[in-house]
Amino acid sequence: MSRERRLRKKNIFVLGLEEYNLQKLKGIRHARHYRFHGLLEYGEVVKPLDYPYLELLAKAQRQLQRFSGPIDAIITHWDFPADTLAPLLCRKFGLPSPSLEDVLKCGHKYWARLEQQKVIPEAIPRFCAFDPFDKDPLSQIDLPYPFWIKPVKAFGSFLGFYIDSAETFQSHLPTIRNNISRIGDAFNVALDFADLPPEVAAIDGNHCIAEELIRGDRQNGPEGYIYQGKVHVNGITDSFKDEEGKSFTRYEYPSRWPQAMQQKSLEVTERLMSRIGLDNSAFNLEFIWDEQSGALKLLEVNPRISQSLSDMFEKVHGSSNHEVAVELALGLEPDYPRDEGHFNCAAKFMWRHYGDALVVRTPSEEEIRQVKERFPETGVYIEAVEGEQLSTLRDQDSYSYEIAILHIGADDHEQLLQRYAQCREMLTFEFAPAGEER
């Protein structure tokens with residue numbers, strides 16, 4: 001049977017579907033064979049005020065049970081809680097999916113390190129778990145300064161801190177204690193559905209992990225998928241941070257790492273992903289390379305596509321990585337990527353502001369229109385809200401605020417940076433000191 005014949009009109013349910021990713025889904029090859037349906041609201045699974053996990057699971061089940069047609073696939077491109085809801089829903093409705101345990105082996109930061117330690121010990125930092133609510137949590141950490149701390153379940157550097165002394169640790173502890181349960185309590189509910197080894201069961205969602213500082217200022221991310229145990233890599237992106245090395249400022253595709261180091265990251269990726277147990281799933285990894293020592297270290301594994309990279313893949317290959325997620329969820333082997341895009345390279349730029357402030361002005365619709373007219377296919381997404389404090393933005397990293405996202409394509413990487421600089425000149429933000437009235 002031909003691929004076209006097999007791809008009849010299918011009902012694809014997408015957790016937290018919103019307009020941006022719906023358009024990316026509609027742009028994939030064979031999209032005419034699919035109907036995309038939102039499952040739960042975007043605001044319920046992405047940066048919500050709270051995470052009523054059991055309520056979300058029950059609501060999603062009711063929505064699917066009320067659907068009158070066949071349910072062919074359930075996918076997500078979001079982190080928690082969507083990444084754990086998807087395998088539970090797929091299991092209930094008999095759909096292809098990695099298991100919840102396999103997803104947690106990647107998403108539970110402590111469990112992930114334990115699994116990685118078995119396969120690629122040379123590529124991970126020293127680490128340990130600690131309870132931030134313990135009377136003396138610092139005594140549970142046996143790493144030299146400096147090191148990083150973060151919850152065992154977090155994203156976007158939320159509650160992640162650089163620790164260079166006992167004083168620094170103690171200064172951040174109240175912030176962690178006051179905020180970790182927002183995600184941690186719900187993550188514990190998800191853990192209740194999984195069969196956990198004893199060493200993992202003891203480290204719940206309100207624990208943290210401390211990790212040895214990874215040296216290096218070059219970062220990349222292979223993204224791919226596993227189909228019937230075979231690992232495929234779609235491409236490698238480069239990630240860039242600010243001068244202090246704390247906040248991400250852009251992702252670029254394709255990678256500009258030397259071929260030998262790209263190959264090394266691919267070898268480590270294949271070795272890990274072929275043995276970690278995750279199957280019939282997309283994935284993306286993040287590595288740091290220290291040019292001085294030659295060391296390559298793994299930061300983390302995500303058991304899904306990265307929707308942050310979708311526009312870059314679309315600009316270069318002509319179809320976004322959503323294509324991979326959809327076909328895997330249908331039980332098909334993806335045929336991706338193909339070089340059919342309009343650009344040689346692309347980037348996602350995260351425009352940041354440092355320090356809290358009152359947002360006095362955001363770019364006008366006319367300014368955004370002029371940017372898109374000058375640079376066709378550029379996407380401009382304003383995150384800051386006029387009249388509000390930047391500190392009201394949810395789930396920001398610990399060191400800066402993301403005020404806008406720009407998706408830009410170009411002929412080469414130098415042109416990318418030039419176009420971003422020109423876009424920033426055309427788009428006007430104005431701020432006042434935090435606490436001032438407008």
# chains A, B, ... in the order shown; residues from 1 in each chain; ligands from 1
$ select_by_dssp --residues "region 31-139 of chain A" --states "strand (DSSP E)" --output "ChimeraX atom specification"
/A:34-39,73-75,127-130
$ write_last_selection --atoms "C-alpha atoms" --output "short mmCIF file (atom, residue, chain, number, x, y, z; two decimals), in the first residue's frame"
data_model
loop_
_atom_site.label_atom_id
_atom_site.label_comp_id
_atom_site.auth_asym_id
_atom_site.auth_seq_id
_atom_site.Cartn_x
_atom_site.Cartn_y
_atom_site.Cartn_z
CA TYR A 34 -5.10 15.11 8.82
CA ARG A 35 -7.61 16.93 10.99
CA PHE A 36 -5.99 18.64 13.97
CA HIS A 37 -7.97 19.00 17.18
CA GLY A 38 -6.95 20.86 20.31
CA LEU A 39 -6.93 18.78 23.49
CA ALA A 73 -3.18 9.97 17.46
CA ILE A 74 -2.40 12.13 20.49
CA ILE A 75 0.71 14.31 20.45
CA PHE A 127 25.41 15.28 40.48
CA CYS A 128 23.39 14.64 43.61
CA ALA A 129 19.84 15.19 44.83
CA PHE A 130 18.85 17.25 47.85
#
$ residues_around --residues "region 361-374 of chain A" --least-positions-apart "6" --cutoff "7 Å" --atoms "only C-alpha atoms" --output "list in words"
Val380, Glu386, Cys423, Met426, Leu427, Thr428, Phe429, Glu430 and Phe431 of chain A
$ write_last_selection --atoms "N, CA and C atoms" --output "short mmCIF file (atom, residue, chain, number, x, y, z; two decimals), in the first residue's frame"
data_model
loop_
_atom_site.label_atom_id
_atom_site.label_comp_id
_atom_site.auth_asym_id
_atom_site.auth_seq_id
_atom_site.Cartn_x
_atom_site.Cartn_y
_atom_site.Cartn_z
N VAL A 380 7.29 37.72 14.40
CA VAL A 380 7.51 38.63 15.54
C VAL A 380 6.43 38.35 16.57
N GLU A 386 2.16 45.72 27.69
CA GLU A 386 2.18 47.15 28.00
C GLU A 386 1.36 47.44 29.25
N CYS A 423 15.98 44.44 12.80
CA CYS A 423 14.63 44.29 13.36
C CYS A 423 14.52 45.00 14.70
N MET A 426 13.91 48.59 14.36
CA MET A 426 12.59 48.93 13.83
C MET A 426 11.47 48.72 14.86
N LEU A 427 11.75 47.99 15.93
CA LEU A 427 10.74 47.65 16.94
C LEU A 427 11.08 48.37 18.25
N THR A 428 10.15 49.14 18.77
CA THR A 428 10.44 49.99 19.92
C THR A 428 9.77 49.51 21.19
N PHE A 429 10.58 49.25 22.21
CA PHE A 429 10.10 49.03 23.56
C PHE A 429 10.50 50.23 24.41
N GLU A 430 9.67 50.56 25.38
CA GLU A 430 10.03 51.57 26.36
C GLU A 430 9.70 51.05 27.75
N PHE A 431 10.59 51.32 28.72
CA PHE A 431 10.43 50.82 30.07
C PHE A 431 10.62 51.96 31.08
#
$ closest_residue --among "A:Gly294, A:His232, A:Ile149, A:Ala282" --to "Met261 (chain A)" --atoms "only C-alpha atoms"
A:Gly294
$ closest_atom_pairs --of "region 115-230 of chain A" --to "region 303-313 of chain A" --cutoff "9 Å" --atoms "only C-alpha atoms" --output "Markdown table"
| residue | atom | partner | partner_atom | distance |
| --- | --- | --- | --- | --- |
| A:Glu223 | CA | A:Ile305 | CA | 7.3 |
| A:Gly224 | CA | A:Ile305 | CA | 7.8 |
| A:Tyr225 | CA | A:Arg304 | CA | 8.4 |
$ write_last_selection --atoms "C-alpha atoms" --output "CSV table (one decimal), in the first residue's frame"
chain,number,residue,atom,x,y,z
A,223,GLU,CA,17.0,16.5,17.5
A,224,GLY,CA,15.6,13.4,16.0
A,225,TYR,CA,13.5,10.3,16.8
$ residues_around --residues "Pro137 (chain A)" --least-positions-apart "3" --cutoff "10 Å" --atoms "only C-alpha atoms" --output "list in words"
Ala129, Phe130, Asp131, Pro132, Phe133, Asp134, Gln140, Ile141, Phe169, Gln170, Leu173 and Cys208 of chain A
$ residues_around --residues "His172 (chain A)" --least-positions-apart "5" --cutoff "10 Å" --atoms "only C-alpha atoms" --output "list in words"
Ile149, Leu159, Gly160, Phe161, Tyr162, Ile163, Glu167 and Arg177 of chain A
$ closest_residue --among "A:Ile124, A:Ser157, A:Gly205, A:Asn178" --to "Ala295 (chain A)" --atoms "only C-alpha atoms"
A:Ile124
$ closest_residue --among "A:Gly229, A:Glu270, A:Phe375, A:Gln396" --to "Gln418 (chain A)" --atoms "only C-alpha atoms"
A:Phe375
$ closest_residue --among "A:Val14, A:Ala58, A:Leu390, A:Leu328" --to "His353 (chain A)" --atoms "only C-alpha atoms"
A:Leu390
$ atom_distance --atom1 "CA of Glu19 (chain A)" --atom2 "CA of Gln63 (chain A)"
19.6 Å
$ select_by_dssp --residues "region 118-203 of chain A" --states "alpha helix (DSSP H)" --output "ChimeraX atom specification"
/A:118-119,166-179,181-192,198-201
$ closest_residue --among "A:Asp242, A:Glu212, A:Asp290, A:Asp217" --to "Tyr354 (chain A)" --atoms "only C-alpha atoms"
A:Asp242
$ residues_around --residues "Leu191 (chain A)" --least-positions-apart "4" --cutoff "10 Å" --atoms "only C-alpha atoms" --output "list of chain:residue names"
A:Thr84, A:Leu100, A:Glu101, A:Leu104, A:His108, A:Asp185, A:Ala186, A:Phe187, A:Asp195, A:Leu196, A:Val200, A:Ala201, A:Asp204, A:Gly205
$ closest_atom_pairs --of "region 71-116 of chain A" --to "region 330-343 of chain A" --cutoff "8 Å" --atoms "only C-alpha atoms" --output "JSON lines"
{"residue": "A:Asp72", "atom": "CA", "partner": "A:Leu330", "partner_atom": "CA", "distance": 6.6}
{"residue": "A:Ala73", "atom": "CA", "partner": "A:Leu330", "partner_atom": "CA", "distance": 5.8}
{"residue": "A:Leu95", "atom": "CA", "partner": "A:Leu330", "partner_atom": "CA", "distance": 7.9}
{"residue": "A:Pro96", "atom": "CA", "partner": "A:Gly331", "partner_atom": "CA", "distance": 6.0}
$ residues_around --residues "Gln61 (chain A)" --least-positions-apart "3" --cutoff "12 Å" --atoms "only C-alpha atoms" --output "list in words"
Phe13, Leu15, Leu39, Leu40, Leu54, Glu55, Leu56, Leu57, Ala58, Leu64, Gln65, Arg66, Phe67, Ile71, Ile74, Leu85, Ala86, Leu88, Leu89, Cys90, Arg91, Lys92 and Phe93 of chain A
$ write_last_selection --atoms "C-alpha atoms" --output "CSV table (one decimal), in the first residue's frame"
chain,number,residue,atom,x,y,z
A,13,PHE,CA,-5.3,15.5,19.0
A,15,LEU,CA,-2.4,18.9,23.8
A,39,LEU,CA,-6.9,18.8,23.5
A,40,LEU,CA,-7.2,20.9,26.6
A,54,LEU,CA,-5.9,14.8,37.9
A,55,GLU,CA,-8.5,17.4,36.8
A,56,LEU,CA,-6.6,17.9,33.5
A,57,LEU,CA,-6.2,14.2,32.9
A,58,ALA,CA,-9.9,13.6,33.6
A,64,LEU,CA,-11.7,12.3,23.8
A,65,GLN,CA,-14.6,10.1,24.9
A,66,ARG,CA,-17.1,12.7,23.6
A,67,PHE,CA,-15.5,12.8,20.2
A,71,ILE,CA,-9.1,8.9,17.5
A,74,ILE,CA,-2.4,12.1,20.5
A,85,LEU,CA,-0.4,13.4,30.1
A,86,ALA,CA,0.2,12.2,26.5
A,88,LEU,CA,-1.3,8.1,29.9
A,89,LEU,CA,-3.9,9.1,27.4
A,90,CYS,CA,-2.4,7.1,24.6
A,91,ARG,CA,-2.3,4.0,26.9
A,92,LYS,CA,-6.0,4.4,27.8
A,93,PHE,CA,-7.0,4.8,24.1
